[in-house]
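*Asks:* Structure file my_file.txt (compact mmCIF, C-alpha atoms) is given on the next line.
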# COMPACT_ATOMS: atom_id res chain seq x y z
CA MET D 7 121.60 -35.32 -312.53
CA ALA D 8 123.79 -33.12 -310.30
CA ALA D 9 120.77 -31.03 -309.20
CA ALA D 10 118.66 -34.05 -308.35
CA SER D 11 121.33 -35.74 -306.28
CA PRO D 12 121.15 -33.56 -303.11
CA SER D 13 117.38 -33.91 -302.85
CA ARG D 14 117.49 -37.73 -302.52
CA PRO D 15 119.02 -37.88 -299.04
CA HIS D 16 116.48 -35.29 -297.83
CA ARG D 17 113.53 -37.34 -299.09
CA SER D 18 115.09 -40.50 -297.68
CA THR D 19 115.59 -38.95 -294.23
CA SER D 20 112.03 -37.64 -294.16
CA ALA D 21 110.60 -40.99 -295.16
CA GLY D 22 112.79 -42.81 -292.62
CA SER D 23 111.74 -40.44 -289.86
CA SER D 24 108.08 -40.93 -290.75
CA ARG D 25 108.48 -44.69 -290.75
CA SER D 26 110.30 -44.48 -287.37
CA ARG D 27 107.47 -42.45 -285.83
CA LYS D 28 104.85 -44.89 -287.15
CA CYS D 29 106.91 -47.80 -285.79
CA CYS D 30 107.19 -46.18 -282.34
CA ARG D 31 103.45 -45.49 -282.25
CA GLY D 32 102.80 -49.05 -283.36
CA ASN D 33 105.08 -50.43 -280.64
CA ALA D 34 103.42 -48.24 -278.01
CA LEU D 35 99.94 -49.41 -279.07
CA GLU D 36 101.07 -52.99 -279.16
CA GLY D 37 102.65 -52.67 -275.70
CA SER D 38 99.43 -51.14 -274.36
CA ARG D 39 97.32 -53.97 -275.80
CA ARG D 40 99.73 -56.59 -274.39
CA ALA D 41 99.64 -54.98 -270.94
CA GLU D 42 95.83 -55.08 -270.94
CA LEU D 43 95.92 -58.76 -271.76
CA LEU D 44 98.09 -59.53 -268.74
CA GLN D 45 96.45 -62.23 -266.60
CA PRO D 46 97.49 -63.73 -263.23
CA PHE D 47 99.81 -66.72 -263.49
CA SER D 48 100.64 -69.48 -261.04
CA CYS D 49 104.35 -69.57 -261.76
CA VAL D 50 106.98 -66.85 -262.04
CA TRP D 51 108.45 -68.28 -265.24
CA GLU D 52 105.10 -68.17 -267.04
CA TYR D 53 104.47 -64.43 -266.59
CA GLN D 54 108.06 -63.26 -267.09
CA GLU D 55 107.54 -62.10 -270.69
CA HIS D 56 104.28 -60.32 -269.91
CA ILE D 57 105.69 -58.38 -266.98
CA LYS D 58 108.23 -56.72 -269.31
CA CYS D 59 105.44 -54.73 -270.94
CA TRP D 60 103.68 -54.16 -267.63
CA VAL D 61 106.79 -52.63 -266.03
CA SER D 62 106.94 -49.86 -268.64
CA LYS D 63 103.29 -48.98 -268.08
CA GLN D 64 103.77 -48.89 -264.29
CA LEU D 65 106.81 -46.64 -264.56
CA VAL D 66 104.79 -43.96 -266.32
CA THR D 67 102.15 -44.09 -263.55
CA PHE D 68 104.81 -43.97 -260.84
CA VAL D 69 106.59 -40.96 -262.35
CA SER D 70 103.34 -39.01 -262.73
CA THR D 71 102.10 -39.74 -259.18
CA SER D 72 105.39 -39.52 -257.29
CA TRP D 73 106.99 -36.51 -258.95
CA GLY D 74 103.88 -34.53 -259.76
CA GLU D 75 104.25 -34.70 -263.54
CA SER D 76 101.18 -34.68 -265.73
CA PRO D 77 100.41 -37.65 -268.01
CA GLU D 78 101.30 -35.42 -270.98
CA ASP D 79 104.79 -34.81 -269.54
CA THR D 80 105.43 -38.50 -269.09
CA LYS D 81 104.84 -39.13 -272.81
CA SER D 82 108.29 -37.69 -273.45
CA ILE D 83 109.94 -40.34 -271.28
CA ALA D 84 111.43 -43.02 -273.46
CA PHE D 85 111.07 -46.63 -272.37
CA PRO D 86 112.54 -49.59 -274.23
CA ASP D 87 110.22 -51.78 -276.24
CA SER D 88 111.49 -54.78 -274.33
CA ILE D 89 113.12 -55.16 -270.94
CA SER D 90 115.99 -57.57 -270.65
CA GLU D 91 116.17 -60.53 -268.32
CA HIS D 92 118.74 -58.67 -266.20
CA THR D 93 116.29 -55.81 -265.57
CA LEU D 94 113.91 -58.26 -263.86
CA ILE D 95 116.49 -59.60 -261.43
CA PRO D 96 116.03 -56.80 -258.84
CA LEU D 97 112.30 -57.61 -258.66
CA PHE D 98 113.15 -60.91 -256.97
CA PRO D 99 115.06 -61.32 -253.70
CA HIS D 100 118.62 -62.61 -253.60
CA PHE D 101 117.58 -65.92 -252.03
CA VAL D 102 115.36 -66.85 -255.02
CA SER D 103 117.85 -68.90 -257.00
CA ASP D 104 115.90 -71.44 -259.03
CA LYS D 105 112.46 -72.31 -260.31
CA ASP D 106 111.35 -74.10 -257.12
CA HIS D 107 112.46 -71.17 -254.97
CA GLN D 108 110.69 -68.72 -257.25
CA GLU D 109 107.47 -70.72 -257.07
CA ALA D 110 107.69 -70.85 -253.25
CA ASP D 111 108.41 -67.13 -253.11
CA TRP D 112 105.46 -66.38 -255.41
CA VAL D 113 103.01 -68.45 -253.35
CA SER D 114 104.27 -67.04 -250.05
CA ILE D 115 104.54 -63.30 -250.59
CA HIS D 116 105.63 -62.15 -254.06
CA LYS D 117 102.17 -62.02 -255.60
CA GLN D 118 101.13 -59.62 -252.82
CA ILE D 119 104.07 -57.21 -253.15
CA CYS D 120 105.01 -57.57 -256.82
CA GLN D 121 103.48 -54.23 -257.83
CA LEU D 122 105.11 -52.51 -254.85
CA LEU D 123 108.53 -53.80 -255.89
CA VAL D 124 108.44 -52.25 -259.37
CA PRO D 125 108.93 -48.58 -258.41
CA ILE D 126 111.37 -49.53 -255.65
CA ARG D 127 113.63 -51.71 -257.78
CA THR D 128 113.60 -49.69 -261.00
CA SER D 129 116.00 -46.80 -261.68
CA LEU D 130 114.22 -43.55 -262.54
CA PRO D 131 115.46 -40.18 -263.88
CA CYS D 132 116.86 -37.94 -261.16
CA PRO D 133 114.35 -35.22 -260.16
CA PRO D 134 115.53 -31.72 -261.06
CA THR D 135 114.90 -30.00 -257.70
CA GLU D 136 115.82 -30.75 -254.08
CA ARG D 137 112.16 -30.63 -253.05
CA GLU D 138 111.21 -33.29 -255.59
CA ARG D 139 114.19 -35.44 -254.60
CA LYS D 140 113.16 -35.25 -250.95
CA HIS D 141 109.56 -36.12 -251.87
CA GLY D 142 110.78 -39.10 -253.89
CA MET D 143 112.88 -40.40 -250.97
CA GLU D 144 109.93 -40.06 -248.59
CA GLN D 145 107.74 -41.98 -251.03
CA LEU D 146 110.37 -44.70 -251.31
CA LEU D 147 110.69 -45.00 -247.52
CA ARG D 148 106.91 -45.28 -247.10
CA ARG D 149 106.74 -47.99 -249.75
CA GLN D 150 109.57 -49.94 -248.13
CA LYS D 151 107.96 -49.77 -244.68
CA HIS D 152 104.65 -50.85 -246.16
CA ILE D 153 106.35 -53.88 -247.72
CA ILE D 154 107.89 -54.72 -244.33
CA ASP D 155 104.45 -54.63 -242.68
CA VAL D 156 102.82 -56.74 -245.42
CA ALA D 157 105.63 -59.31 -245.49
CA TYR D 158 105.82 -59.59 -241.68
CA SER D 159 102.07 -59.97 -241.18
CA THR D 160 101.87 -62.52 -244.02
CA ALA D 161 104.69 -64.59 -242.51
CA GLN D 162 103.05 -64.37 -239.10
CA GLU D 163 99.74 -65.64 -240.49
CA PHE D 164 101.51 -68.60 -242.12
CA VAL D 165 103.22 -69.44 -238.80
CA TRP D 166 99.91 -69.20 -236.93
CA GLY D 167 98.41 -71.58 -239.48
CA GLY D 168 101.25 -74.07 -239.05
CA LYS D 169 102.61 -73.39 -242.58
CA HIS D 170 106.19 -72.72 -241.52
CA GLU D 171 107.83 -73.45 -244.87
CA GLU D 172 105.54 -70.96 -246.63
CA ALA D 173 106.32 -68.37 -243.96
CA ARG D 174 110.07 -68.31 -244.64
CA PRO D 175 110.13 -66.36 -247.95
CA ALA D 176 107.79 -63.71 -246.52
CA ALA D 177 109.88 -63.40 -243.36
CA LEU D 178 113.03 -63.08 -245.46
CA HIS D 179 111.45 -60.22 -247.38
CA ALA D 180 110.59 -58.51 -244.09
CA LEU D 181 114.20 -58.92 -242.93
CA ARG D 182 115.73 -57.73 -246.19
CA PHE D 183 113.68 -54.55 -246.37
CA SER D 184 114.19 -53.92 -242.64
CA ILE D 185 117.94 -53.95 -243.30
CA GLU D 186 117.49 -51.50 -246.18
CA VAL D 187 115.38 -49.13 -244.09
CA TYR D 188 117.02 -49.36 -240.65
CA SER D 189 120.58 -50.69 -241.41
CA SER D 190 122.02 -54.10 -240.57
CA ASP D 191 122.84 -53.29 -236.92
CA SER D 192 119.47 -51.85 -235.90
CA LEU D 193 117.35 -53.24 -233.09
CA GLN D 194 114.38 -52.95 -235.47
CA LEU D 195 115.60 -56.17 -237.15
CA VAL D 196 114.98 -58.31 -234.06
CA PRO D 197 111.26 -59.09 -234.77
CA ALA D 198 112.11 -60.27 -238.31
CA TYR D 199 115.00 -62.44 -237.06
CA LEU D 200 112.81 -64.02 -234.36
CA LEU D 201 110.00 -64.69 -236.83
CA LEU D 202 112.48 -66.27 -239.26
CA ALA D 203 113.84 -68.44 -236.45
CA GLU D 204 110.33 -69.61 -235.51
CA ALA D 205 109.44 -70.38 -239.13
CA SER D 206 112.74 -72.19 -239.75
CA ALA D 207 112.48 -74.26 -236.57
CA GLY D 208 108.87 -75.17 -237.36
CA ALA D 209 109.94 -76.28 -240.85
CA GLY D 210 112.70 -78.46 -239.37
CA HIS D 211 115.64 -76.20 -240.34
CA LEU D 212 117.20 -76.01 -236.87
CA PRO D 213 120.69 -74.82 -237.97
CA GLU D 214 119.14 -71.87 -239.81
CA ALA D 215 116.92 -71.10 -236.80
CA SER D 216 120.00 -71.08 -234.58
CA LYS D 217 121.73 -68.64 -236.93
CA TYR D 218 118.80 -66.20 -236.89
CA LEU D 219 118.52 -66.40 -233.10
CA SER D 220 122.23 -65.66 -232.78
CA GLN D 221 121.80 -62.58 -234.96
CA ALA D 222 118.89 -61.34 -232.82
CA GLU D 223 120.78 -62.05 -229.60
CA TRP D 224 123.84 -60.15 -230.85
CA LEU D 225 121.74 -57.09 -231.75
CA ILE D 226 120.19 -57.08 -228.27
CA LEU D 227 123.50 -57.62 -226.44
CA ARG D 228 125.15 -54.71 -228.25
CA THR D 229 122.26 -52.41 -227.24
CA PRO D 230 122.73 -51.70 -223.49
CA ASP D 231 119.43 -49.85 -223.12
CA CYS D 232 117.35 -52.51 -224.89
CA SER D 233 113.93 -52.69 -223.25
CA ALA D 234 112.60 -55.72 -221.39
CA ALA D 235 109.67 -55.73 -223.85
CA VAL D 236 112.12 -56.76 -226.59
CA GLN D 237 114.36 -59.01 -224.48
CA TYR D 238 111.56 -61.27 -223.24
CA LYS D 239 110.66 -62.19 -226.84
CA LEU D 240 114.25 -63.29 -227.49
CA HIS D 241 114.27 -65.52 -224.40
CA ARG D 242 110.94 -67.04 -225.38
CA SER D 243 112.26 -67.85 -228.84
CA LEU D 244 115.46 -69.32 -227.35
CA GLY D 245 113.37 -71.38 -224.93
CA LEU D 246 111.17 -72.79 -227.68
CA PHE D 247 114.25 -73.54 -229.80
CA CYS D 248 115.92 -75.45 -226.95
CA ALA D 249 112.67 -77.36 -226.31
CA ALA D 250 112.53 -78.33 -230.01
CA LYS D 251 116.05 -79.73 -229.65
CA GLY D 252 115.05 -81.65 -226.51
CA ASP D 253 117.21 -79.56 -224.15
CA PHE D 254 114.47 -79.00 -221.57
CA GLU D 255 116.73 -77.71 -218.80
CA LYS D 256 118.08 -74.88 -220.94
CA ALA D 257 114.59 -74.25 -222.33
CA LEU D 258 113.21 -73.74 -218.81
CA TYR D 259 116.09 -71.36 -218.02
CA HIS D 260 115.24 -69.14 -220.99
CA LEU D 261 111.49 -69.31 -220.33
CA ALA D 262 112.05 -68.30 -216.70
CA ASN D 263 113.92 -65.23 -217.99
CA ASP D 264 111.04 -64.67 -220.40
CA VAL D 265 108.54 -64.58 -217.50
CA TYR D 266 110.76 -62.30 -215.41
CA LEU D 267 111.33 -59.76 -218.21
CA ALA D 268 107.69 -59.81 -219.39
CA SER D 269 106.49 -59.32 -215.80
CA SER D 270 108.82 -56.36 -215.29
CA ALA D 271 107.57 -54.77 -218.52
CA PHE D 272 103.84 -55.57 -218.39
CA GLY D 273 103.02 -56.85 -214.89
CA LEU D 274 102.96 -60.16 -213.03
CA LYS D 275 99.44 -61.11 -214.17
CA SER D 276 99.77 -59.88 -217.75
CA ILE D 277 98.97 -62.06 -220.75
CA GLU D 278 102.49 -61.30 -222.05
CA ALA D 279 104.00 -63.01 -218.99
CA SER D 280 101.45 -65.84 -219.21
CA GLY D 281 102.98 -66.96 -222.53
CA GLY D 282 106.20 -68.00 -220.78
CA TYR D 283 104.21 -69.86 -218.10
CA PHE D 284 102.28 -71.70 -220.81
CA HIS D 285 105.43 -72.95 -222.57
CA MET D 286 106.98 -73.95 -219.23
CA ALA D 287 103.80 -75.89 -218.42
CA ASP D 288 104.05 -77.68 -221.77
CA ILE D 289 107.60 -78.83 -220.93
CA PHE D 290 106.57 -80.10 -217.48
CA PHE D 291 103.57 -81.82 -219.11
CA ARG D 292 105.93 -83.63 -221.52
CA GLN D 293 108.08 -84.63 -218.53
CA ASN D 294 104.93 -85.99 -216.82
CA LYS D 295 105.31 -83.54 -213.92
CA MET D 296 101.59 -82.92 -213.79
CA ASP D 297 101.38 -81.07 -210.46
CA ILE D 298 103.70 -78.31 -211.70
CA ALA D 299 102.09 -78.28 -215.15
CA ASN D 300 98.55 -77.95 -213.72
CA SER D 301 99.64 -75.11 -211.45
CA LEU D 302 101.17 -73.20 -214.39
CA TYR D 303 98.16 -73.86 -216.63
CA ALA D 304 95.95 -72.40 -213.88
CA GLU D 305 98.19 -69.31 -213.80
CA VAL D 306 97.78 -68.88 -217.57
CA THR D 307 94.00 -69.35 -217.39
CA GLY D 308 93.75 -66.78 -214.59
CA ALA D 309 95.71 -64.17 -216.57
CA TRP D 310 93.55 -64.57 -219.69
CA HIS D 311 90.31 -64.70 -217.66
CA SER D 312 91.14 -61.41 -215.92
CA PHE D 313 92.27 -59.73 -219.15
CA LEU D 314 89.14 -60.77 -221.07
CA LEU D 315 86.84 -59.78 -218.19
CA LYS D 316 88.40 -56.29 -218.19
CA SER D 317 88.08 -56.10 -221.99
CA LEU D 318 84.40 -57.06 -221.79
CA ARG D 319 83.71 -54.48 -219.09
CA ALA D 320 85.57 -51.81 -221.10
CA GLN D 321 83.39 -52.59 -224.12
CA GLN D 322 80.26 -52.29 -222.01
CA GLN D 323 81.41 -48.90 -220.70
CA VAL D 324 81.83 -47.69 -224.29
CA LEU D 325 78.37 -48.98 -225.22
CA LYS D 326 76.78 -47.28 -222.20
CA SER D 327 78.24 -43.97 -223.28
CA GLN D 328 76.79 -44.59 -226.77
CA PRO D 329 73.29 -46.03 -226.12
CA ALA D 330 72.41 -46.43 -229.79
CA THR D 331 75.52 -48.47 -230.48
CA SER D 332 75.39 -52.26 -230.65
CA PRO D 333 78.52 -54.44 -230.52
CA PHE D 334 77.21 -56.12 -233.66
CA THR D 335 77.05 -53.01 -235.80
CA GLU D 336 79.75 -51.19 -237.69
CA ASP D 337 79.70 -48.50 -234.99
CA ARG D 338 81.76 -50.81 -232.81
CA GLU D 339 84.66 -50.37 -235.21
CA VAL D 340 85.23 -46.81 -233.98
CA SER D 341 85.99 -47.91 -230.40
CA GLU D 342 89.50 -48.83 -229.39
CA GLU D 343 90.33 -52.44 -230.22
CA PRO D 344 90.96 -54.28 -226.92
CA MET D 345 93.23 -56.89 -228.48
CA THR D 346 95.72 -57.08 -231.29
CA GLU D 347 95.36 -59.78 -233.92
CA ALA D 348 98.36 -61.59 -232.43
CA GLN D 349 96.70 -61.61 -229.00
CA GLN D 350 93.46 -62.93 -230.46
CA VAL D 351 95.25 -65.81 -232.19
CA GLU D 352 97.36 -66.60 -229.12
CA GLY D 353 94.34 -66.50 -226.82
CA ILE D 354 92.35 -68.97 -228.93
CA ARG D 355 95.36 -71.28 -229.33
CA VAL D 356 96.43 -71.25 -225.67
CA LEU D 357 92.97 -71.51 -224.11
CA ASN D 358 91.86 -74.30 -226.46
CA ALA D 359 95.04 -76.24 -225.66
CA ILE D 360 94.41 -75.89 -221.93
CA LEU D 361 90.75 -76.86 -222.37
CA ASP D 362 91.77 -80.07 -224.16
CA ILE D 363 94.15 -80.93 -221.32
CA ARG D 364 91.51 -80.21 -218.66
CA GLU D 365 88.82 -82.27 -220.38
CA GLN D 366 91.12 -85.25 -220.99
CA ALA D 367 92.76 -85.29 -217.55
CA PRO D 368 92.23 -88.46 -215.47
CA THR D 369 91.33 -86.34 -212.46
CA GLN D 370 88.77 -83.73 -213.40
CA GLN D 371 88.90 -80.18 -212.01
CA PRO D 372 85.48 -78.71 -212.84
CA GLY D 373 86.36 -75.28 -211.40
CA GLU D 374 89.40 -74.86 -213.66
CA THR D 375 87.55 -76.26 -216.67
CA ALA D 376 84.65 -73.84 -216.10
CA ARG D 377 87.10 -70.93 -215.90
CA VAL D 378 88.75 -71.90 -219.20
CA LEU D 379 85.32 -72.21 -220.84
CA HIS D 380 84.28 -68.83 -219.47
CA ALA D 381 87.45 -67.20 -220.82
CA LEU D 382 86.92 -68.76 -224.26
CA ALA D 383 83.27 -67.67 -224.27
CA MET D 384 84.28 -64.07 -223.55
CA LEU D 385 86.96 -64.19 -226.24
CA HIS D 386 84.55 -65.46 -228.90
CA TYR D 387 81.97 -62.88 -227.82
CA LEU D 388 84.51 -60.07 -228.26
CA LEU D 389 85.37 -61.51 -231.69
CA LEU D 390 81.62 -61.49 -232.55
CA ASP D 391 81.38 -65.28 -232.91
CA ILE D 392 78.14 -65.39 -230.90
CA PRO D 393 77.01 -69.00 -231.53
CA LYS D 394 80.39 -70.35 -230.36
CA ALA D 395 80.43 -67.96 -227.40
CA ARG D 396 76.94 -69.09 -226.35
CA GLU D 397 77.88 -72.78 -226.65
CA LEU D 398 80.98 -72.35 -224.46
CA GLY D 399 79.18 -70.06 -222.02
CA LEU D 400 76.38 -72.59 -221.44
CA LYS D 401 78.89 -75.39 -220.81
CA ALA D 402 80.75 -73.20 -218.32
CA PHE D 403 77.48 -72.26 -216.58
CA GLU D 404 76.46 -75.92 -216.17
CA LEU D 405 79.84 -76.78 -214.65
CA ALA D 406 79.83 -73.73 -212.37
CA LYS D 407 76.44 -74.73 -210.93
CA GLN D 408 78.04 -77.97 -209.64
CA LEU D 409 80.69 -76.15 -207.62
CA PRO D 410 80.29 -75.60 -203.86
CA GLN D 411 81.32 -71.95 -204.26
CA GLN D 412 79.40 -70.27 -207.07
CA GLU D 413 81.05 -66.84 -207.36
CA SER D 414 81.55 -67.39 -211.10
CA LEU D 415 77.81 -67.75 -211.80
CA GLU D 416 77.15 -64.01 -211.76
CA PRO D 417 79.68 -62.98 -214.49
CA LEU D 418 78.67 -66.04 -216.54
CA GLY D 419 75.00 -65.18 -216.24
CA HIS D 420 75.74 -61.59 -217.26
CA LEU D 421 77.63 -62.79 -220.36
CA LEU D 422 74.77 -65.11 -221.38
CA LYS D 423 72.28 -62.26 -220.89
CA LEU D 424 74.36 -60.03 -223.18
CA MET D 425 74.29 -62.71 -225.86
CA ASP D 426 70.55 -63.23 -225.50
CA MET D 427 70.00 -59.51 -226.15
CA GLU D 428 71.66 -59.76 -229.56
CA PRO D 429 70.91 -61.83 -232.70
CA SER D 430 72.85 -65.03 -233.26
CA SER D 431 75.29 -63.88 -235.85
CA THR D 432 78.91 -64.27 -236.68
CA LYS D 433 81.49 -61.79 -237.74
If you took the structure in this file and wrote it as structure tokens, what would it be?
*Replies:*
Amino acid sequence: MAAASPSRPHRSTSAGSSRSRKCCRGNALEGSRRAELLQPFSCVWEYQEHIKCWVSKQLVTFVSTSWGESPEDTKSIAFPDSISEHTLIPLFPHFVSDKDHQEADWVSIHKQICQLLVPIRTSLPCPPTERERKHGMEQLLRRQKHIIDVAYSTAQEFVWGGKHEEARPAALHALRFSIEVYSSDSLQLVPAYLLLAEASAGAGHLPEASKYLSQAEWLILRTPDCSAAVQYKLHRSLGLFCAAKGDFEKALYHLANDVYLASSAFGLKSIEASGGYFHMADIFFRQNKMDIANSLYAEVTGAWHSFLLKSLRAQQQVLKSQPATSPFTEDREVSEEPMTEAQQVEGIRVLNAILDIREQAPTQQPGETARVLHALAMLHYLLLDIPKARELGLKAFELAKQLPQQESLEPLGHLLKLMDMEPSSTK
């Protein structure tokens, strides 16, 4: 009996260890199968349990790609079978406080950046060498800047589409990560604050919009060498905010500063300066001061017409240097883009608004209407929407033929000839 007694604990330990290894392998296989079964969900609460398994799988991938470890090395990293509710909290921003907020955040931006948040918000083992630590910090900074770009562009698209409430969570993400990357007193936060103010004002949250504008204004005031290219955007946002409140006098003051600063940065006839003129014209239009409004609308049309004419000529110069290249082939992608996406959206919005005003005016001005139509035709041509460009170009040509002075017929005829040389196709 005495001899048999010591052997029992040894057998028990061996059996327990074997059972533990089998259990761990079973849990790992089960976790792998559960991760593969993960499907997209419409609500944050519905996928919360499934993401616990998914996080563990993503951590292994992140460690192997970021720190240069092989998949075999990562097998030694121990992850818990389940991740607690508190571990998921960093994956969601601080302003997501209840189910409704989480749903809004998910629809707005979270489904686009959820995978990017996992490696950023999860604690990982400290790399053993300085080189690996530096590489890890560079990777983190690149991921954070990428999230800023994605969140900002998403919020901007919502604002352009008139979905201001949906834009707010995305803009808040852009602001939060901008603070993490650049610090809370950096001038780099101004675009996010201004976008948040525009989204909040459009959604009817004027006190919040005022708060964000004050933050942006303070950052600019405490930066003595802040460029006019940044300052004019603040004054435009302040002008639009005052106009939304009905304070037209103060709105015109800020928009006048907007035009002055944009002109000093980009030129008197630039499309950047024309934005301030357009918003001033809208205010005078609402005050029924039509003479001033029409004059300012003509200034805006002239700026866009000149800019688009130069862009069209620049494209033709590129095509002449590359005879085999057509503006409707993928080869056009290699040339420098004449307009940013923001400029494209603004051009379509502004010129269509002016066209509606011109066509509905009691006293018709065929010359101004033809110029707006010509500008819109060039814009749609550059965006490869050829049927729409041809429709607008023909309308402009018919109006231009009725004018006593027909200087605009030649550039219009050239544009129509360009469209006739290419198939009727859209982008």
*Asks:* Write out as JSON an axis-aligned box for segment 220-223 of chain D: all of its atoms listed in the file, 6 Å added on each side, centre and edge lengths in Å with one decimal.
*Replies:*
{"center_x": 120.6, "center_y": -63.5, "center_z": -232.3, "size_x": 15.3, "size_y": 16.3, "size_z": 17.4}
*Asks:* Using all atoms listed in the file, which of the listed residues (D:Gln350, D:Gln194, D:Thr369, D:Thr160) sits closest to Asn300 of chain D?
*Replies:*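 Among the listed residues, D:Thr369 lies closest to Asn300 of chain D.
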*Asks:* Between atom CA of Leu361 of chain D and atom CA of Ala207 of chain D, what distance in Å does the model show, to one decimal?
*Replies:*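 Atom CA of Leu361 of chain D sits 26.1 Å away from atom CA of Ala207 of chain D.
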*Asks:* So, counting only C-alpha atoms, which residue among D:Met427, D:Leu405, D:Ala250, D:Val156 is closest to His211 of chain D?
*Replies:*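 Between D:Met427, D:Leu405, D:Ala250, D:Val156, the residue approaching His211 of chain D most closely is D:Ala250.
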*Asks:* Measure the distance from atom CA of Lys169 of chain D to atom CA of Ala348 of chain D in Å and round it to one decimal.
*Replies:*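 Separation of atom CA of Lys169 of chain D and atom CA of Ala348 of chain D: 16.1 Å.
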*Asks:* Can you work out the spacing between atom CA of Gly419 of chain D and atom CA of Ala381 of chain D in Å, to one decimal?
*Replies:*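 If I compute the distance from atom CA of Gly419 of chain D to atom CA of Ala381 of chain D, I get 13.4 Å.
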*Asks:* Under the rule that only C-alpha atoms are counted, which of D:Leu398, D:Ala177, D:Ser192, D:Phe403 is the nearest residue to Thr229 of chain D?
*Replies:*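 The answer is D:Ser192, which sits nearest to Thr229 of chain D.
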*Asks:* Given the choices D:Asp288, D:Asp264, D:Glu397, D:Glu136, which gets closest to Val356 of chain D if the distance is worked out from all atoms listed in the file?
*Replies:*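 Between D:Asp288, D:Asp264, D:Glu397, D:Glu136, the residue approaching Val356 of chain D most closely is D:Asp288.
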*Asks:* In terms of the shortest atom-to-atom distance over all atoms listed in the file, which of D:Ser414, D:Gln371, D:Ser206, D:Ser220 is closest to Ser301 of chain D?
*Replies:*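 That would be D:Gln371, the residue with the smallest distance to Ser301 of chain D.
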*Asks:* Choose the residue, out of D:Ala406, D:Met345, D:Leu390, D:Ala209, that has the smallest atom-to-atom separation from Thr375 of chain D; count all atoms listed in the file.
*Replies:*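 Closest candidate: D:Ala406.
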